[in-house]
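Below is the file input04.txt, which contains compact mmCIF, C-alpha atoms and all ligand atoms.
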```txt
# COMPACT_ATOMS: atom_id res chain seq x y z
CA MET A 15 30.62 -90.47 -16.83
CA ASP A 16 30.11 -94.05 -17.93
CA HIS A 17 33.04 -96.27 -18.53
CA HIS A 18 33.45 -97.69 -22.04
CA ARG A 19 30.18 -99.14 -23.09
CA LYS A 20 31.94 -101.89 -24.92
CA ILE A 21 35.36 -103.24 -25.60
CA LEU A 22 35.53 -104.60 -29.07
CA PHE A 23 38.11 -106.89 -30.40
CA PHE A 24 39.26 -109.07 -33.18
CA ASN A 25 39.22 -107.01 -36.17
CA GLU A 26 36.20 -107.99 -38.25
CA GLU A 27 33.82 -108.02 -35.32
CA ALA A 28 35.09 -104.66 -34.16
CA TYR A 29 34.32 -103.08 -37.51
CA LYS A 30 30.88 -104.61 -37.50
CA GLU A 31 30.19 -102.90 -34.19
CA LEU A 32 31.62 -99.65 -35.44
CA LYS A 33 29.26 -99.78 -38.40
CA ASN A 34 26.34 -100.56 -36.10
CA TYR A 35 27.24 -97.53 -34.06
CA PHE A 36 27.37 -95.27 -37.12
CA PHE A 37 24.22 -96.49 -38.72
CA ASN A 38 22.01 -96.88 -35.70
CA ASN A 39 19.65 -93.91 -35.90
CA LYS A 40 19.59 -93.62 -32.17
CA ASN A 41 23.20 -92.41 -32.17
CA GLN A 42 22.52 -89.67 -34.72
CA VAL A 43 25.92 -89.92 -36.33
CA ASP A 44 26.36 -87.79 -39.41
CA ILE A 45 29.44 -88.93 -41.32
CA LYS A 46 29.87 -85.43 -42.73
CA ASN A 47 30.04 -84.22 -39.17
CA THR A 48 32.67 -86.80 -38.20
CA PHE A 49 36.34 -85.95 -37.79
CA ILE A 50 39.21 -88.42 -37.92
CA LEU A 51 42.30 -87.31 -36.03
CA VAL A 52 45.54 -88.82 -37.31
CA ASP A 53 49.25 -88.12 -37.25
CA TYR A 54 51.52 -88.43 -40.28
CA CYS A 55 52.26 -92.11 -39.66
CA THR A 56 48.71 -93.19 -39.00
CA TYR A 57 47.50 -91.14 -41.96
CA LYS A 58 49.81 -93.19 -44.10
CA HIS A 59 49.54 -96.63 -42.51
CA CYS A 60 46.23 -96.80 -40.69
CA LEU A 61 43.68 -94.52 -42.34
CA PRO A 62 43.60 -96.61 -45.55
CA ILE A 63 42.82 -99.70 -43.45
CA LEU A 64 39.99 -97.97 -41.62
CA LEU A 65 38.55 -96.65 -44.88
CA SER A 66 38.78 -100.07 -46.49
CA HIS A 67 36.50 -101.39 -43.77
CA ILE A 68 34.09 -98.47 -43.67
CA SER A 69 34.15 -96.72 -47.00
CA SER A 70 31.48 -94.18 -46.09
CA LEU A 71 34.04 -92.57 -43.79
CA GLU A 72 35.58 -91.13 -46.97
CA GLU A 73 33.04 -88.37 -46.46
CA SER A 74 34.32 -87.44 -43.04
CA HIS A 75 36.97 -84.79 -42.37
CA VAL A 76 40.53 -85.79 -41.64
CA ILE A 77 42.57 -83.67 -39.26
CA LYS A 78 46.26 -84.40 -39.47
CA ILE A 79 48.94 -83.42 -36.97
CA SER A 80 52.66 -84.20 -36.83
CA SER A 81 53.82 -87.38 -35.11
CA GLY A 82 55.37 -87.59 -31.69
CA GLU A 83 55.15 -86.67 -28.04
CA LYS A 84 56.24 -83.08 -28.72
CA GLU A 85 52.87 -82.49 -30.38
CA LYS A 86 50.99 -83.24 -27.17
CA ASN A 87 50.62 -79.59 -26.21
CA ILE A 88 48.05 -76.83 -26.09
CA TYR A 89 49.16 -75.31 -29.41
CA THR A 90 48.29 -78.51 -31.24
CA CYS A 91 44.92 -78.51 -29.48
CA ILE A 92 44.26 -75.00 -30.74
CA GLN A 93 45.15 -76.11 -34.24
CA ILE A 94 42.67 -79.01 -33.96
CA TRP A 95 39.92 -76.82 -32.49
CA LYS A 96 40.38 -74.32 -35.31
CA ASN A 97 40.05 -77.12 -37.84
CA LEU A 98 36.86 -78.25 -36.16
CA GLU A 99 35.54 -74.70 -36.42
CA ILE A 100 36.45 -74.42 -40.10
CA PHE A 101 34.48 -77.59 -40.85
CA LYS A 102 31.58 -76.31 -38.73
CA ALA A 103 31.75 -78.92 -36.02
CA ASN A 104 28.95 -78.73 -33.46
CA ARG A 105 27.82 -80.54 -30.35
CA LYS A 106 26.67 -83.53 -32.38
CA SER A 107 30.07 -83.99 -33.98
CA LEU A 108 32.00 -87.19 -33.51
CA ILE A 109 35.78 -87.39 -33.30
CA ILE A 110 37.60 -90.62 -34.17
CA ASN A 111 41.09 -90.86 -32.71
CA LEU A 112 43.15 -93.08 -34.99
CA GLY A 113 46.65 -93.36 -33.60
CA GLY A 114 48.90 -94.13 -30.69
CA GLY A 115 48.71 -92.77 -27.17
CA VAL A 116 49.56 -89.26 -28.30
CA ILE A 117 46.54 -89.14 -30.60
CA THR A 118 44.12 -90.76 -28.14
CA ASP A 119 45.31 -88.51 -25.29
CA ILE A 120 45.15 -85.26 -27.22
CA GLY A 121 42.05 -86.21 -29.22
CA GLY A 122 40.20 -87.21 -26.06
CA PHE A 123 41.23 -83.96 -24.41
CA VAL A 124 40.19 -81.86 -27.39
CA ALA A 125 36.82 -83.66 -27.50
CA SER A 126 36.25 -83.31 -23.77
CA ILE A 127 36.18 -79.52 -23.80
CA PHE A 128 35.19 -78.59 -27.34
CA LYS A 129 31.73 -77.02 -26.95
CA ARG A 130 31.74 -78.49 -23.43
CA GLY A 131 32.23 -81.99 -24.72
CA VAL A 132 31.61 -83.90 -27.95
CA ARG A 133 31.64 -87.65 -28.49
CA PHE A 134 34.74 -89.54 -29.49
CA ILE A 135 35.85 -93.05 -30.42
CA ASN A 136 39.31 -94.49 -29.79
CA ILE A 137 40.98 -96.66 -32.39
CA PRO A 138 44.47 -97.22 -30.99
CA THR A 139 47.13 -98.20 -33.51
CA THR A 140 50.16 -98.83 -31.27
CA LEU A 141 50.54 -101.66 -28.81
CA LEU A 142 50.89 -99.18 -25.95
CA GLY A 143 47.76 -97.46 -27.16
CA MET A 144 45.83 -100.72 -27.23
CA VAL A 145 46.81 -102.12 -23.86
CA ASP A 146 47.23 -98.90 -21.93
CA ALA A 147 46.69 -95.36 -23.22
CA SER A 148 43.26 -95.81 -24.76
CA ILE A 149 41.82 -97.55 -21.70
CA GLY A 150 40.67 -95.80 -18.60
CA CYS A 151 39.29 -92.45 -19.77
CA LYS A 152 42.29 -90.29 -18.92
CA THR A 153 42.92 -87.64 -21.54
CA GLY A 154 45.62 -85.04 -21.49
CA ILE A 155 48.47 -82.95 -22.79
CA ASN A 156 51.86 -81.89 -21.49
CA LEU A 157 52.61 -78.47 -20.02
CA GLU A 158 56.02 -77.82 -21.51
CA SER A 159 58.15 -80.59 -20.02
CA ILE A 160 55.61 -81.63 -17.39
CA LYS A 161 53.93 -84.75 -18.69
CA ASN A 162 50.13 -85.02 -18.69
CA GLU A 163 49.82 -81.98 -16.43
CA ILE A 164 46.61 -80.76 -18.09
CA GLY A 165 43.80 -83.20 -18.67
CA THR A 166 40.35 -84.55 -18.02
CA PHE A 167 38.60 -87.80 -17.28
CA TYR A 168 36.43 -88.36 -20.32
CA CYS A 169 35.33 -91.66 -21.84
CA PRO A 170 35.04 -92.69 -25.46
CA GLU A 171 31.84 -94.04 -26.95
CA LEU A 172 33.69 -97.09 -28.25
CA LEU A 173 37.11 -98.64 -28.12
CA ILE A 174 38.01 -100.46 -31.31
CA ILE A 175 40.97 -102.83 -31.28
CA ASP A 176 42.37 -104.01 -34.58
CA THR A 177 45.69 -105.74 -34.06
CA ASN A 178 46.37 -105.64 -37.81
CA PHE A 179 47.55 -102.07 -37.31
CA LEU A 180 50.58 -103.44 -35.47
CA LYS A 181 52.03 -104.85 -38.65
CA THR A 182 53.53 -101.51 -39.60
CA LEU A 183 54.54 -100.50 -36.09
CA PRO A 184 58.33 -100.25 -35.61
CA GLU A 185 59.79 -102.93 -33.35
CA LYS A 186 60.94 -100.43 -30.74
CA GLU A 187 57.40 -99.15 -30.32
CA MET A 188 56.28 -102.71 -29.58
CA ILE A 189 58.59 -102.77 -26.57
CA SER A 190 56.72 -99.99 -24.79
CA GLY A 191 53.47 -101.87 -25.04
CA MET A 192 55.07 -105.14 -24.03
CA ALA A 193 56.50 -103.61 -20.88
CA GLU A 194 53.03 -102.46 -19.81
CA MET A 195 51.69 -105.94 -20.52
CA PHE A 196 54.32 -107.49 -18.28
CA LYS A 197 53.33 -104.92 -15.68
CA HIS A 198 49.68 -105.95 -15.85
CA GLY A 199 50.70 -109.51 -15.03
CA LEU A 200 52.97 -108.48 -12.19
CA ILE A 201 50.45 -106.23 -10.46
CA ALA A 202 47.25 -108.19 -10.94
CA ASP A 203 47.42 -111.58 -12.60
CA LYS A 204 50.08 -114.20 -12.06
CA ASN A 205 48.73 -116.51 -14.77
CA PHE A 206 48.98 -113.72 -17.27
CA TRP A 207 52.60 -113.10 -16.23
CA MET A 208 53.32 -116.79 -16.82
CA ASP A 209 51.74 -116.61 -20.27
CA MET A 210 53.70 -113.49 -21.13
CA LYS A 211 56.91 -115.15 -20.03
CA LYS A 212 56.38 -117.90 -22.58
CA ASN A 213 55.71 -115.55 -25.43
CA PRO A 214 58.59 -113.59 -26.83
CA MET A 215 57.94 -110.84 -29.32
CA LYS A 216 58.52 -112.97 -32.32
CA ASN A 217 55.07 -114.43 -31.85
CA LYS A 218 53.47 -111.06 -32.24
CA TYR A 219 51.45 -111.80 -35.36
CA LYS A 220 50.17 -115.08 -34.12
CA ASN A 221 46.75 -115.51 -32.62
CA GLN A 222 48.25 -116.18 -29.26
CA TRP A 223 49.63 -112.69 -29.24
CA ASN A 224 46.17 -111.30 -30.01
CA HIS A 225 44.89 -113.23 -27.05
CA LEU A 226 47.57 -111.74 -24.80
CA ILE A 227 46.68 -108.24 -25.94
CA TYR A 228 43.04 -108.92 -25.15
CA GLN A 229 43.84 -110.31 -21.71
CA SER A 230 46.00 -107.31 -20.97
CA ILE A 231 43.21 -104.92 -21.89
CA LEU A 232 40.82 -106.78 -19.61
CA ILE A 233 43.24 -106.54 -16.69
CA LYS A 234 43.66 -102.79 -17.00
CA ASN A 235 39.96 -102.30 -17.63
CA LYS A 236 39.04 -104.20 -14.49
CA ILE A 237 41.36 -102.08 -12.37
CA VAL A 238 40.17 -98.73 -13.70
CA LYS A 239 36.54 -99.76 -13.42
CA LYS A 240 36.99 -100.32 -9.71
CA ASP A 241 38.70 -96.97 -9.21
CA PRO A 242 38.13 -94.65 -12.17
CA LYS A 243 39.47 -91.48 -10.55
CA GLU A 244 42.63 -93.02 -9.08
CA LYS A 245 41.70 -92.56 -5.46
CA GLY A 246 43.36 -95.82 -4.47
CA LEU A 247 43.59 -99.13 -6.30
CA ARG A 248 44.27 -97.61 -9.73
CA LYS A 249 47.62 -96.49 -8.38
CA ILE A 250 48.93 -100.04 -8.76
CA LEU A 251 49.20 -99.25 -12.47
CA ASN A 252 52.04 -96.94 -11.48
CA PHE A 253 54.22 -99.88 -10.51
CA GLY A 254 57.64 -99.35 -12.08
CA HIS A 255 56.72 -95.80 -13.02
CA THR A 256 58.05 -93.85 -10.03
CA ILE A 257 61.62 -94.77 -10.88
CA GLY A 258 60.81 -95.40 -14.55
CA HIS A 259 59.50 -91.88 -15.13
CA ALA A 260 62.46 -90.38 -13.32
CA LEU A 261 64.83 -92.32 -15.58
CA GLU A 262 62.86 -91.24 -18.64
CA SER A 263 63.00 -87.53 -17.71
CA TYR A 264 66.62 -87.84 -16.65
CA PHE A 265 67.62 -89.18 -20.04
CA MET A 266 65.43 -86.64 -21.79
CA ASN A 267 67.13 -83.75 -20.00
CA SER A 268 70.66 -85.02 -20.39
CA LYS A 269 72.75 -85.24 -23.51
CA LYS A 270 72.43 -89.00 -23.43
CA GLU A 271 70.22 -90.81 -25.87
CA LYS A 272 66.49 -90.82 -25.09
CA LEU A 273 65.21 -93.81 -23.19
CA LEU A 274 62.11 -95.48 -24.59
CA HIS A 275 59.18 -95.50 -22.18
CA GLY A 276 59.02 -99.30 -22.18
CA ILE A 277 62.70 -99.62 -21.42
CA ALA A 278 62.55 -96.96 -18.72
CA ILE A 279 59.67 -98.62 -16.94
CA SER A 280 61.16 -102.08 -17.30
CA MET A 281 64.18 -100.71 -15.48
CA GLY A 282 61.83 -99.05 -13.03
CA MET A 283 60.08 -102.38 -12.44
CA ILE A 284 63.41 -104.10 -11.78
CA CYS A 285 64.38 -101.46 -9.19
CA GLU A 286 60.93 -101.38 -7.60
CA SER A 287 60.83 -105.19 -7.43
CA TRP A 288 64.09 -105.01 -5.54
CA ILE A 289 62.52 -102.53 -3.14
CA SER A 290 59.47 -104.81 -2.91
CA TYR A 291 61.74 -107.67 -1.94
CA LYS A 292 63.43 -105.55 0.71
CA ILE A 293 60.35 -104.11 2.41
CA ASN A 294 57.12 -105.48 0.98
CA GLY A 295 57.37 -109.24 1.31
CA LEU A 296 58.24 -110.14 -2.28
CA SER A 297 60.26 -113.36 -2.25
CA ILE A 298 63.82 -113.41 -3.53
CA ASP A 299 62.87 -116.04 -6.11
CA ASP A 300 60.11 -113.85 -7.49
CA PHE A 301 62.52 -110.93 -7.63
CA LYS A 302 65.09 -112.96 -9.54
CA GLU A 303 62.49 -114.19 -11.99
CA ILE A 304 61.22 -110.65 -12.63
CA LYS A 305 64.72 -109.32 -13.10
CA SER A 306 65.70 -112.04 -15.51
CA ILE A 307 62.57 -111.68 -17.66
CA LEU A 308 62.59 -107.87 -17.73
CA SER A 309 66.31 -107.73 -18.45
CA SER A 310 65.53 -109.35 -21.77
CA VAL A 311 63.31 -106.35 -22.56
CA VAL A 312 65.79 -103.79 -21.30
CA LEU A 313 68.80 -105.27 -23.08
CA GLU A 314 70.93 -102.23 -22.50
CA LYS A 315 72.36 -101.13 -19.19
CA VAL A 316 72.94 -97.72 -17.74
CA SER A 317 76.07 -96.31 -16.26
CA ASN A 318 77.08 -93.23 -14.29
CA LEU A 319 73.60 -92.36 -13.08
CA GLU A 320 73.58 -89.06 -11.25
CA ILE A 321 71.51 -90.13 -8.29
CA ASP A 322 70.91 -86.57 -7.00
CA LYS A 323 69.30 -85.54 -10.26
CA LEU A 324 67.08 -88.62 -10.23
CA PHE A 325 65.92 -87.78 -6.71
CA PHE A 326 65.19 -84.22 -7.69
CA ILE A 327 62.94 -85.48 -10.49
CA MET A 328 61.19 -88.01 -8.24
CA GLU A 329 60.53 -85.38 -5.60
CA HIS A 330 58.64 -83.34 -8.18
CA ASP A 331 56.52 -86.22 -9.43
CA LYS A 332 52.84 -85.30 -9.44
CA LYS A 333 51.93 -88.65 -7.91
CA ASN A 334 53.55 -87.57 -4.64
CA GLU A 335 51.49 -86.78 -1.60
CA LYS A 336 52.47 -84.85 1.52
CA ASN A 337 55.95 -84.33 0.08
CA LYS A 338 56.63 -88.05 0.08
CA ILE A 339 57.67 -90.04 -2.95
CA GLN A 340 54.94 -92.65 -3.47
CA PHE A 341 55.55 -96.19 -4.66
CA SER A 342 53.37 -99.08 -5.69
CA LEU A 343 55.16 -102.24 -4.62
CA LEU A 344 54.66 -105.96 -5.23
CA LYS A 345 53.76 -108.35 -2.45
CA LYS A 346 53.84 -111.34 -4.75
CA ILE A 347 53.74 -111.75 -8.48
CA GLY A 348 50.13 -110.78 -9.20
CA ILE A 349 49.55 -108.76 -6.01
CA CYS A 350 50.50 -105.13 -5.58
CA SER A 351 50.21 -102.57 -2.77
CA TYR A 352 50.06 -98.79 -3.22
CA ASN A 353 50.87 -95.63 -1.23
CA CYS A 354 54.13 -97.14 -0.02
CA GLN A 355 56.88 -94.94 1.30
CA VAL A 356 60.45 -96.00 0.84
CA PRO A 357 63.58 -94.80 2.64
CA TYR A 358 65.92 -92.81 0.39
CA SER A 359 68.78 -95.16 1.08
CA LEU A 360 66.81 -98.08 -0.31
CA ILE A 361 65.80 -96.22 -3.47
CA LYS A 362 69.45 -95.44 -4.00
CA GLU A 363 70.45 -99.04 -3.41
CA SER A 364 67.86 -100.24 -5.92
CA PHE A 365 69.61 -98.36 -8.75
CA LEU A 366 72.45 -100.84 -8.41
CA GLN A 367 70.13 -103.41 -10.00
CA ILE A 368 70.20 -101.62 -13.35
CA GLN A 369 73.79 -100.38 -13.34
CA LYS A 370 76.14 -101.85 -15.87
CA SER A 371 78.05 -104.43 -13.91
CA LYS A 372 74.98 -105.85 -12.22
CA LEU A 373 72.57 -106.58 -15.02
N1 LIG A 401 45.81 -91.80 -21.02
C1 LIG A 401 46.48 -92.78 -20.47
O1 LIG A 401 45.96 -93.45 -19.55
C2 LIG A 401 47.85 -93.11 -20.94
C3 LIG A 401 48.48 -94.27 -20.49
C4 LIG A 401 49.75 -94.58 -20.98
C5 LIG A 401 50.36 -93.72 -21.89
N2 LIG A 401 49.74 -92.59 -22.31
C6 LIG A 401 50.36 -91.66 -23.27
O2 LIG A 401 50.58 -92.34 -24.51
C7 LIG A 401 51.63 -91.69 -25.20
C8 LIG A 401 52.53 -92.71 -25.84
O3 LIG A 401 51.79 -93.48 -26.73
P1 LIG A 401 52.49 -94.27 -27.94
O4 LIG A 401 53.63 -95.02 -27.44
O5 LIG A 401 51.39 -94.98 -28.63
O6 LIG A 401 53.10 -93.08 -28.82
P2 LIG A 401 52.69 -92.36 -30.19
O7 LIG A 401 51.25 -92.08 -30.27
O8 LIG A 401 53.61 -91.21 -30.34
O9 LIG A 401 53.05 -93.48 -31.28
C9 LIG A 401 54.37 -93.87 -31.47
C10 LIG A 401 54.83 -93.69 -32.92
O10 LIG A 401 54.24 -94.68 -33.74
C11 LIG A 401 53.60 -94.10 -34.86
N3 LIG A 401 52.51 -95.00 -35.20
C12 LIG A 401 51.33 -95.13 -34.56
N4 LIG A 401 50.65 -96.19 -35.04
C13 LIG A 401 51.40 -96.71 -36.03
C14 LIG A 401 51.24 -97.81 -36.89
N5 LIG A 401 50.18 -98.63 -36.80
N6 LIG A 401 52.21 -98.07 -37.80
C15 LIG A 401 53.31 -97.29 -37.86
N7 LIG A 401 53.53 -96.25 -37.05
C16 LIG A 401 52.59 -95.96 -36.14
C17 LIG A 401 53.21 -92.73 -34.38
O11 LIG A 401 53.04 -91.84 -35.46
C18 LIG A 401 54.41 -92.35 -33.53
O12 LIG A 401 55.45 -91.87 -34.33
C19 LIG A 401 52.34 -90.81 -24.19
O13 LIG A 401 52.06 -89.46 -24.47
C20 LIG A 401 51.73 -91.22 -22.85
O14 LIG A 401 51.69 -90.16 -21.93
C21 LIG A 401 48.49 -92.28 -21.84
ZN ZN A 402 53.68 -96.52 -18.76
```

Represent the structure of the file as structure tokens.
Ligand SMILES: NC(=O)c1ccc[n+]([C@@H]2O[C@H](COP(=O)([O-])OP(=O)(O)OC[C@H]3O[C@@H](n4cnc5c(N)ncnc54)[C@H](O)[C@@H]3O)[C@@H](O)[C@H]2O)c1
Ligand SMILES: [Zn+2]
Amino acid sequence: MDHHRKILFFNEEAYKELKNYFFNNKNQVDIKNTFILVDYCTYKHCLPILLSHISSLEESHVIKISSGEKEKNIYTCIQIWKNLEIFKANRKSLIINLGGGVITDIGGFVASIFKRGVRFINIPTTLLGMVDASIGCKTGINLESIKNEIGTFYCPELLIIDTNFLKTLPEKEMISGMAEMFKHGLIADKNFWMDMKKNPMKNKYKNQWNHLIYQSILIKNKIVKKDPKEKGLRKILNFGHTIGHALESYFMNSKKEKLLHGIAISMGMICESWISYKINGLSIDDFKEIKSILSSVVLEKVSNLEIDKLFFIMEHDKKNEKNKIQFSLLKKIGICSYNCQVPYSLIKESFLQIQKSKL
């Protein structure tokens, strides 16, 4: 399947393209046969914005689900498919995913197998959605507690980015997107890392911030274009995620407070940069710089990590191959290797970098 035909940006222009898509006869879009998938928050905050730009969408059908990761399961899919049936959706239907990564993941998945595949458009409304989840044609749902275990590769017709949606996004949700943006710089573009370093979150409504979002999208897009099915290069996007995901699941399963994805992977990136310094040629100065910048995202520190439990989680990570825990490690800021194996002792040692007394 083709990659995104177009990446659209900067608000007004994006809506112009969206209109062109709808009203170009060639695409055979019937607004009455169009379905907008939202969650409670995006129904409230984002749907009115979309409708204010394209009023004819008032005639489409809105399918609303609850908000949050817990909705990303097969039962919610069934609910959406049933709604599509009720409104007589067919193979010419169009689904518009208006929401964060949960909506674009589940909506893309639902579209990919409904009647063997109908068209969809992504309109991400969270920062993480814009710079990460909506790019790269991975769709999916969780199988109980196993994240993204069921899914497809399936590409949207269009990707519409309107950074105005971010105005209502809670601050903590911004952090998750920011962490992925830092990651994009670290793994593939040193200049972008330098620009990110200079731009704290308080600039988020300024044009500069829009530019950073755009750059970040281009970086991810370039990587996934070269390796759409994650046979090799695309794995660099997992930098920080081997340890980050383990921390996320660990905190989810324990009585401790949940760890935000962005915070978990920032911690993961600190640990994995340490490992990169130890065995992959990353310089100590680069490591120190990464740690100091990412610590400002993490803010909090962890204590009393049960290392055995973390290892258990990492050993069951679906990214593993041949029973080995796989890492993507930095060589330099802007250059990343993948399929790296790391001795257990070093993984353990890296956790010291995020423990209370050390941060
Ligand atoms: N497919 C991929 O390649 C890929 C990549 C990274 C992440 N993901 C997935 O993305 C998901 C996380 O995405 P997320 O962080 O966007 O979570 P999310 O979709 O749950 O959104 C976070 C919260 O913000 C609310 N919200 C969304 N837009 C808003 C707005 N404009 N104003 C106010 N509130 C708003 C949502 O209702 C939700 O409560 C995870 O399930 C993850 O697995 C997928
Ligand atoms: Zn991530």

inquiry  = Quick one: residues within 12 Å of Ile174 in chain A, only C-alpha atoms, excluding same-chain residues fewer than 2 positions away - as a ChimeraX atom specification?
reply    = /A:18-33,35,64,110-113,118,134-139,143-145,148-149,170-172,176-179,228,231

inquiry  = Please return as a ChimeraX atom specification every residue within 12 Å of (36.4, -78.0, -26.9), taking into account all atoms listed in the file and the file's own coordinates.
reply    = /A:88,91-99,103-105,107,109,120-134,166

Per residue of chain A within 7 Å of ligand LIG 401 (chain A), what are the shortest atom pair and its distance in Å to one decimal, counting only C-alpha atoms and all ligand atoms, with rows by chain and residue number, as a Markdown table?
```
| residue | atom | partner | partner_atom | distance |
| --- | --- | --- | --- | --- |
| A:Asp53 | CA | A:LIG401 | O11 | 5.6 |
| A:Tyr54 | CA | A:LIG401 | O11 | 6.1 |
| A:Cys55 | CA | A:LIG401 | O11 | 4.3 |
| A:Thr56 | CA | A:LIG401 | N4 | 5.3 |
| A:His59 | CA | A:LIG401 | N6 | 5.6 |
| A:Cys60 | CA | A:LIG401 | N5 | 5.8 |
| A:Ser81 | CA | A:LIG401 | O11 | 4.5 |
| A:Gly82 | CA | A:LIG401 | O8 | 4.2 |
| A:Glu83 | CA | A:LIG401 | O8 | 5.3 |
| A:Lys86 | CA | A:LIG401 | O13 | 6.9 |
| A:Gly113 | CA | A:LIG401 | C12 | 5.1 |
| A:Gly114 | CA | A:LIG401 | O7 | 3.1 |
| A:Gly115 | CA | A:LIG401 | O3 | 3.2 |
| A:Val116 | CA | A:LIG401 | O7 | 3.8 |
| A:Ile117 | CA | A:LIG401 | O7 | 5.6 |
| A:Asp119 | CA | A:LIG401 | N1 | 5.4 |
| A:Thr139 | CA | A:LIG401 | N4 | 4.3 |
| A:Thr140 | CA | A:LIG401 | N4 | 4.6 |
| A:Leu141 | CA | A:LIG401 | O5 | 6.7 |
| A:Leu142 | CA | A:LIG401 | O5 | 5.0 |
| A:Gly143 | CA | A:LIG401 | O5 | 4.6 |
| A:Asp146 | CA | A:LIG401 | C3 | 5.0 |
| A:Ala147 | CA | A:LIG401 | C2 | 3.4 |
| A:Ser148 | CA | A:LIG401 | N1 | 6.0 |
| A:Ile149 | CA | A:LIG401 | O1 | 6.2 |
| A:Gly150 | CA | A:LIG401 | O1 | 5.9 |
| A:Cys151 | CA | A:LIG401 | N1 | 6.7 |
| A:Lys152 | CA | A:LIG401 | N1 | 4.4 |
| A:Thr153 | CA | A:LIG401 | N1 | 5.1 |
| A:Gly154 | CA | A:LIG401 | N1 | 6.8 |
| A:Lys161 | CA | A:LIG401 | O14 | 6.7 |
| A:Asn162 | CA | A:LIG401 | O14 | 6.3 |
| A:Phe179 | CA | A:LIG401 | N5 | 4.4 |
| A:Leu180 | CA | A:LIG401 | N5 | 5.0 |
| A:Lys181 | CA | A:LIG401 | N5 | 6.7 |
| A:Thr182 | CA | A:LIG401 | N6 | 4.1 |
| A:Leu183 | CA | A:LIG401 | N6 | 3.8 |
| A:Pro184 | CA | A:LIG401 | C15 | 6.2 |
| A:Glu187 | CA | A:LIG401 | C9 | 6.2 |
| A:Ser190 | CA | A:LIG401 | O4 | 6.4 |
```

How big is the axis-aligned box around all listed atoms of range 325-335 of chain A once 6 Å goes on each side, and where's its centre, in Å to one decimal, as lines of an AutoDock Vina configuration file?
```
center_x = 58.7
center_y = -86.0
center_z = -6.0
size_x = 26.4
size_y = 17.3
size_z = 20.9
```

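Proximity of A:Lys362, A:Lys46, A:Lys234, A:Lys239 to ligand ZN 402 (chain A), computed with all atoms listed in the file, is greatest for A:Lys234.
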
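Using only C-alpha atoms and all ligand atoms as the basis for the distance check, residues found within 9 Å of ligand ZN 402 (chain A) are A:Leu142, A:Asp146, A:Ala147, A:Ser190, A:Gly191, A:Ala193, A:Glu194, A:Lys197, A:Leu251, A:Asn252, A:Phe253, A:Gly254, A:His255, A:Gly258, A:His259, A:His275, A:Gly276, A:Ala278, A:Ile279.
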
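Distances from A:Met210, A:Asn38, A:Leu65, A:Tyr57 to Lys78 in chain A were compared using all atoms listed in the file, and the smallest one belongs to A:Tyr57.
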
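Residues in contact range of Glu73 in chain A, defined as at most 12 Å between all atoms listed in the file, with sequence neighbours fewer than 6 positions away removed, read A:Asp44, A:Ile45, A:Lys46, A:Asn47, A:Thr48, A:Phe49, A:Ile50, A:Leu65.
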
Produce a file of the selected residues containing C-alpha atoms, as a PDB file, in the frame of the given file.
```
ATOM      1  CA  ASP A  44      26.360 -87.790 -39.410  1.00  0.00           C
ATOM      2  CA  ILE A  45      29.440 -88.930 -41.320  1.00  0.00           C
ATOM      3  CA  LYS A  46      29.870 -85.430 -42.730  1.00  0.00           C
ATOM      4  CA  ASN A  47      30.040 -84.220 -39.170  1.00  0.00           C
ATOM      5  CA  THR A  48      32.670 -86.800 -38.200  1.00  0.00           C
ATOM      6  CA  PHE A  49      36.340 -85.950 -37.790  1.00  0.00           C
ATOM      7  CA  ILE A  50      39.210 -88.420 -37.920  1.00  0.00           C
ATOM      8  CA  LEU A  65      38.550 -96.650 -44.880  1.00  0.00           C
TER       9      LEU A  65
END
```
